[in-house]
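What follows is a set of notes on a single structure, which appears directly below.
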Amino acid sequence: MSNNLTIHLLVNETAGNGRAKKVLEQTALLLVNENIDFDIQKSTYPGEAIILAETYCNQKHHKNEVLLVIGGDGSFNEVLNGIKRSNKPETPCAYLPAGTGNDFGRAAHLTSNPQVLLDHLKANLKPSSIDCGSFKLAEFGKQTFYFVNSFGIGFDAYVNHLSNISTLKKMLNRINEGKLIYGSHILTCLRKQDTFTVEVECDGKKRYYQNAFLVTTTNHPYLGGGIALLPPARIDSHKINTVIVEKYTIKSLIKLFIKLLKDGSHLECPEFHYIEAEQITVKTSKQEFGQVDGEEIKRGNFNIDFVVDQFDLLR
């Protein structure tokens, strides 16, 4: 099959502070050595991967052509949104995680080794159906957006914001330890993140949380580079989960985070809540930081309908 295989590489070379560029070089060398046809398209600005992926999907391809994404989870998010907006939203893709957190790759048990992935693709091009989250924002009308990791409001989005503007992140990325930056900002955000009221609605029932500190609608267990926020979550459950962590006292919150990092027993804490459903609506009371798959979104009040969806992944 390898002689008939064609790989279309879609790459964000800046992901992982240049790590993706190195993975691209390794992958291209393997493809040359194995005499496999390939081409390369590079995403050079935020949002370009959406356009490139949509354009690819709207073209005609034979069954042995593969769209392979190299980058971080933010890059993969863009590609997924491009695929979903195209005339062929069922188009499968493959993914080599080469970013900072790589939480989706962890949840989907993806390899970061180009040779291993290439061997898998040569042996089998049958995709797996994988869950993703979808949502709409009032200011964008009927446009549907998708995420593979999470949509976070409050604490995790605040940590993400501080990490994105930190010069230390670039230094840690150079030694492939970029995920440590998230941990370095946790204590700061524990002190500074305010509480807010959130309304969560599903199955016709509304639940109110007056002291919300973190509200994250997630597709799988992880956030922040491998922290298992919700161990029971799965990418093939055909459900999404909204996690609400309340802040009663700073002491109780610190205990919860220690349990989270230690053994997962935080699920038993009274401050920790989660709701699993096919559709969940989240409304917040005041302006908060937000993030989607590690990409910062405009700070504001949120009123969002989340719905589980699926896409085809080659792995």
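Within each chain, counting starts at residue 1; across the structure tokens, chains are named A, B, ... in the order shown, with ligands numbered 1 upward in that order.
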Please list as an NGL selection string every residue within 12 Å of Leu67 of chain A, counting only C-alpha atoms and excluding residues in the same chain fewer than 6 positions away. :A and (5-11 or 38-41 or 52-57 or 61 or 76 or 79-80 or 83 or 91-96 or 121 or 125 or 312-315)
DSSP says strand (DSSP E or B) for which residues of segment 57-305 of chain A? Put them as number ranges by chain? A: 65-71, 93-97, 128-136, 144-147, 150-154, 196-202, 205-218, 222-223, 227-228, 240-246, 272-277, 279-284, 288-292, 295-300, 303-305
So how far away is atom CA of His220 of chain A from atom CA of Val69 of chain A, in Å?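 Computed distance, atom CA of Val69 of chain A to atom CA of His220 of chain A, equals 20.1 Å.
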Please provide the set of residues having any atom within 7 Å of Val159 of chain A, restricted to only C-alpha atoms, with same-chain residues fewer than 3 positions apart removed, written as number ranges by chain. A: 155-156, 162-163, 182, 185-186, 189
Between segment 5-72 of chain A and segment 106-120 of chain A, at 12 Å or less, what are the per-residue closest atom pairs and their distances in Å? Count only C-alpha atoms, order by chain and rising residue number, and return it as a Markdown table.
| residue | atom | partner | partner_atom | distance |
| --- | --- | --- | --- | --- |
| A:Leu5 | CA | A:Leu118 | CA | 10.2 |
| A:Thr6 | CA | A:Leu118 | CA | 11.2 |
| A:Ile7 | CA | A:Leu118 | CA | 9.6 |
| A:Leu9 | CA | A:Pro114 | CA | 11.9 |
| A:Arg19 | CA | A:Ser112 | CA | 11.2 |
| A:Ala20 | CA | A:Ser112 | CA | 10.4 |
| A:Lys22 | CA | A:Pro114 | CA | 10.9 |
| A:Val23 | CA | A:Pro114 | CA | 7.4 |
| A:Leu24 | CA | A:Pro114 | CA | 8.8 |
| A:Glu25 | CA | A:Pro114 | CA | 10.0 |
| A:Gln26 | CA | A:Pro114 | CA | 7.1 |
| A:Thr27 | CA | A:Pro114 | CA | 5.6 |
| A:Ala28 | CA | A:Pro114 | CA | 9.3 |
| A:Leu29 | CA | A:Pro114 | CA | 10.0 |
| A:Leu30 | CA | A:Gln115 | CA | 7.2 |
| A:Leu31 | CA | A:Leu118 | CA | 8.5 |
| A:Asn33 | CA | A:Gln115 | CA | 11.3 |
| A:Glu34 | CA | A:Leu118 | CA | 10.0 |
| A:Ile36 | CA | A:Leu118 | CA | 10.1 |
| A:Val66 | CA | A:Leu118 | CA | 10.6 |
| A:Leu68 | CA | A:Leu117 | CA | 10.0 |
| A:Val69 | CA | A:Pro114 | CA | 11.3 |
| A:Ile70 | CA | A:Ser112 | CA | 9.5 |
| A:Gly71 | CA | A:Ser112 | CA | 10.5 |
| A:Gly72 | CA | A:Ser112 | CA | 11.1 |
What's the separation between atom CA of Leu230 of chain A and atom CA of Glu276 of chain A, in Å to one decimal place?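 The value is 10.9 Å.
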For segment 193-197 of chain A, find every residue with an atom within 10 Å (counting only C-alpha atoms), except residues of its own chain fewer than 5 positions away, and show them as JSON, numbers by chain. {"A": [154, 155, 156, 158, 159, 188, 208, 209, 210, 211, 212, 213, 214, 215, 245, 246, 247, 248, 283, 284, 285, 286, 287, 288, 289]}
List every residue of segment 179-282 of chain A that DSSP, applied to the backbone of this structure, assigns to alpha helix (DSSP H), and report them as a list in words.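 Of segment 179-282 of chain A, only Leu180, Ile181, Tyr182, Gly183, Ser184, His185, Ile186, Leu187, Thr188, Cys189, Leu190, Arg191, Lys192, Ile250, Lys251, Ser252, Leu253, Ile254, Lys255, Leu256, Phe257, Ile258, Lys259, Leu260, Leu261 and Lys262 of chain A fall in alpha helix (DSSP H).
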